[in-house]
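What follows is a short report on a single structure.
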Number of protein chains: 2
Amino acid sequence: MSRPSRRSRGSVTIEDVARIAGVSAMTVSRVINGEKNVRDTTRAAVQEAIDQLSYSPNTAARSLAAGQATHIGLLYANPSAAYLSQFLVGALEGARRAGCHLVIEACESEGADEQAEATRRFLTTNVEGVILPPPLSESQPILSELEIAQIPVVTVAMGRPRDNALNVRIDDFSAAQEMTNHLLELGHRRVGLIKGHPTHIASIERARGFRSALESHGIDPEDAPIEQGYFTFRSGLVATERLLARPEPPTAIFACNDDMAAAAVSVAHRKGLNVPQDISIVGFDDTAPATTVWPELTTVRQPISAMAEAALELLLEDVRERRSGTRTGPAERVLEHSLIVRESSGSPASSRPRIVRAKP
Amino acid sequence: MSRPSRRSRGSVTIEDVARIAGVSAMTVSRVINGEKNVRDTTRAAVQEAIDQLSYSPNTAARSLAAGQATHIGLLYANPSAAYLSQFLVGALEGARRAGCHLVIEACESEGADEQAEATRRFLTTNVEGVILPPPLSESQPILSELEIAQIPVVTVAMGRPRDNALNVRIDDFSAAQEMTNHLLELGHRRVGLIKGHPTHIASIERARGFRSALESHGIDPEDAPIEQGYFTFRSGLVATERLLARPEPPTAIFACNDDMAAAAVSVAHRKGLNVPQDISIVGFDDTAPATTVWPELTTVRQPISAMAEAALELLLEDVRERRSGTRTGPAERVLEHSLIVRESSGSPASSRPRIVRAKP
DNA sequence: GTTTTGGCTGTTACCGCTAACAGTATCGAC
DNA sequence: GTCGATACTGTTAGCGGTAACAGCCAAAAC
């Protein structure tokens, strides 16, 4: 039991593992990093030593020695708070695993010049790659500025991948289709849509999915009540008012995110309509508002945290490849979504009376 | 222009700065870390070299060499998403500056055993200190478990600091008092309160501030309509229903957080009441719901990000002190809050007619 | 048998920074 | 003039890993 050296944290190091396993530190390093060229028996011995000491590598030493990316930027703008916090949790987890730091900054302005300016300012922090969650993933000024700086970028939830780009998304088209089918199968025929922000490709994809589902059920999408929204609660209020003011108001409303769906519920209640008895309302994203309003929203779950992690992974891979000169070009990862049915959707009143009448 | 060494990132190092400034690397290090014992002229020369090269220290090398804390835990449980994301942004910024990593984990369960178990599991990740934002800052099972493990802890928004504890908070009592005064000065006399979660000291402090303000305006707090809430939107709905069902409903409602205030607005609308003409509704925290509902909420701004940063700072200081054996004992930091007046508060109907009548 | 090949492992030299300690210069005190 | 004390600055030796390269050895090729 030798006295630990000067600054030792008393933590388990790769040397300790090497000693126990009877190999060199380098071999342990190889095992940790999953390199091949290590005999199976050796690998097993090392692994056992690692488990025995419950060793975990020091990320600081690791990134220092390997000279890997240490700072990854995350530029965000005011998505819903719920979306952001989930996204941050995922990105953080990925950053911890990779041993890199997240430099996060808000870019709330909408003007092209301000955005470009903010991006340039951001780049002075020496980040080696940038993650752009929506809505900034669609911001041309920012993307151009990053391209000029030759910084690798990964966009999240961008529908139309750029050339040479990294992107993580879900299949918005299919998701919207499934949700619309859910409403149609409940018996709804007049289904309204509150679209998302018009410049977001995700909105366009969701609207396409909506139309496609209607068509496959023999309904002309041209007749469907559709209102423009902007992903904000406020825009949801306006759109819902318009939908309900129509001569033939819809019996179900599909809002392109949960914030707008929550707004729709609020308007419905204000007009004395019960959800889902009088009107079904469904959302998209499965963020906090989906479960804080009453009734809880039927919605599409996006794996937001996982998307953030995937984005970070993709980005780090690209940074490494650029360093070693082995670019593999654009990459896109599409993650799984799922339909979450809660209490805000049900059969329309027009189809329920039949059941009532069927009673003796 | 010598060829850079093997793994060089081509980035500016402390050596480059030292060369330009004509001193040793150690002196540069001293300047960076703000140590005294550096002559002013030397310090200036170094600073100039730093600026000239726009040098920024490599955090990995720094934490490796200094052996400082590298992993700080953040255990959270379902506060409002808005609160969490702001908190994370602040904590992240602090972590980046300090060059440490944030290990964050959710602990949603409410049971004491599950919380203790989750805490123990969390501790296997070798974090050197833990940040507890509300509501976990009040969780006895977690605090006990951390105390057993002898891990430094900083609580956020805990009203009653434990012995030997680090805590960051705002002055909830004064803030609630100011908010209540605001309503009273608008002319309200029947002001209702929706309390926060009963076990949170912050709730108790806010209720105390509320009562104190009433008293100083000659109103008996015992007569004030007060309902219990739990900081959730749902609980706000119930509490508001009760308040408005009273024989003499309040003309103003002070909800102890924004989520409940948003719920109050929603109920008021459902009952056909206009805000603030028929009823004033104010919140607390200034999180996202405050500005997503209509009308926007008058509320108290808590500097959530700054609180997170302060918490991290306090914690790291403590970790360092423990290492060097110079404990300074408990520390608390109280940050400034501010009253944000928006559209959800106004004079009560009963006091407005007088103004109308005063017209010719 | 010798050479080559390729899989596996160890050695060395760092990555960029800082703790600890070892000077060196300056100044006042004796 | 010598001696401490004080203020400043430099040197050395790591922190805990990994890149690059140098072996070593058995199997394959000549």
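Naming scheme: A, B, ... for chains in displayed order of the structure tokens; residues 1 onward per chain; ligands 1 onward as shown.
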
Within 9 Å of C:DT5, counting only C-alpha atoms (C1' of nucleotides), which residues show up once you throw out same-chain ones fewer than 2 positions away? Write them as a PDB file with N, CA and C atoms (P, O5', C5', C4', C3', O3' and C1' of nucleotides), in the first residue's frame, please.
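Wrote it out as around_35.pdb, contents follow:
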ATOM      1  P    DA D  27       1.380 -21.945 -35.114  1.00  0.00           P
ATOM      2  O5'  DA D  27       1.063 -21.388 -36.574  1.00  0.00           O
ATOM      3  C5'  DA D  27       0.005 -20.454 -36.736  1.00  0.00           C
ATOM      4  C4'  DA D  27       0.066 -19.876 -38.135  1.00  0.00           C
ATOM      5  C3'  DA D  27       0.108 -20.925 -39.262  1.00  0.00           C
ATOM      6  O3'  DA D  27      -0.748 -20.500 -40.308  1.00  0.00           O
ATOM      7  C1'  DA D  27       1.989 -19.490 -39.443  1.00  0.00           C
ATOM      8  P    DA D  28      -0.949 -21.426 -41.603  1.00  0.00           P
ATOM      9  O5'  DA D  28      -0.165 -20.593 -42.713  1.00  0.00           O
ATOM     10  C5'  DA D  28      -0.522 -19.225 -42.934  1.00  0.00           C
ATOM     11  C4'  DA D  28       0.374 -18.644 -44.005  1.00  0.00           C
ATOM     12  C3'  DA D  28       0.493 -19.496 -45.274  1.00  0.00           C
ATOM     13  O3'  DA D  28       0.384 -18.646 -46.406  1.00  0.00           O
ATOM     14  C1'  DA D  28       2.650 -19.083 -44.371  1.00  0.00           C
ATOM     15  P    DA D  29       0.489 -19.234 -47.858  1.00  0.00           P
ATOM     16  O5'  DA D  29       1.947 -18.745 -48.283  1.00  0.00           O
ATOM     17  C5'  DA D  29       2.267 -17.343 -48.168  1.00  0.00           C
ATOM     18  C4'  DA D  29       3.676 -17.122 -48.687  1.00  0.00           C
ATOM     19  C3'  DA D  29       3.973 -17.811 -50.023  1.00  0.00           C
ATOM     20  O3'  DA D  29       4.684 -16.884 -50.843  1.00  0.00           O
ATOM     21  C1'  DA D  29       5.551 -18.505 -48.383  1.00  0.00           C
TER      22       DA D  29
END

Can you list, as number ranges by chain, every residue of stretch 95-276 of chain B that DSSP puts in helix (DSSP H, G or I)?
B: 95-98, 112-123, 136-138, 140-148, 172-185, 201-216, 221-223, 233-245, 258-270

Might you pull out every residue within 12 Å of C:DT11, with only C-alpha atoms (C1' of nucleotides) counted and same-chain residues fewer than 5 positions away left off, and present them as a list in words?
Ser24, Ala25 and Met26 of chain A; DA20, DC21, DA22 and DG23 of chain D

Return as a VMD selection string the residues belonging to chain B that are within 8 Å of chain A, counting only C-alpha atoms.
chain B and resid 7 to 9 59 to 61 63 to 64 66 to 67 70 81 to 82 84 to 86 88 to 89 92 to 93 96 101 to 104 232 to 234 266 269 to 272 288 292 to 294

List every residue of stretch 1-25 of chain D that has an atom at most 12 Å from any atom of stretch 31-37 of chain B, giving for each one its closest atom pair and the distance in Å to one decimal, counting only C-alpha atoms (C1' of nucleotides), sorted by chain and then by ascending residue number, as a Markdown table.
| residue | atom | partner | partner_atom | distance |
| --- | --- | --- | --- | --- |
| D:DT6 | C1' | B:Asn37 | CA | 10.4 |
| D:DA7 | C1' | B:Asn37 | CA | 6.5 |
| D:DC8 | C1' | B:Asn37 | CA | 6.0 |
| D:DT9 | C1' | B:Asn37 | CA | 9.4 |

Save out the residues we just selected, C-alpha atoms (C1' of nucleotides), as a compact mmCIF listing (two decimals), in the first residue's frame.
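File written: out_21.txt
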# COMPACT_ATOMS: atom_id res chain seq x y z
C1' DT D 6 9.30 38.82 1.29
C1' DA D 7 7.98 39.01 -3.52
C1' DC D 8 8.37 37.19 -7.67
C1' DT D 9 9.62 33.68 -11.29

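Atom to atom, atom CA of B:Leu186 and atom CA of B:Ser347 stand 4.8 Å apart.
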
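Distance-wise, atom CA of B:Glu138 and atom CA of B:Ala202 end up 9.9 Å apart.
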
Within 8 Å of chain A, which residues belong to chain C? Use only C-alpha atoms (C1' of nucleotides) and report them as a PyMOL selection string.
chain C and resi 7-10+15-16+19

Write down, as a PyMOL selection string, each residue of chain D that has any atom within 7 Å of an atom of chain A, counting only C-alpha atoms (C1' of nucleotides).
chain D and resi 16-18
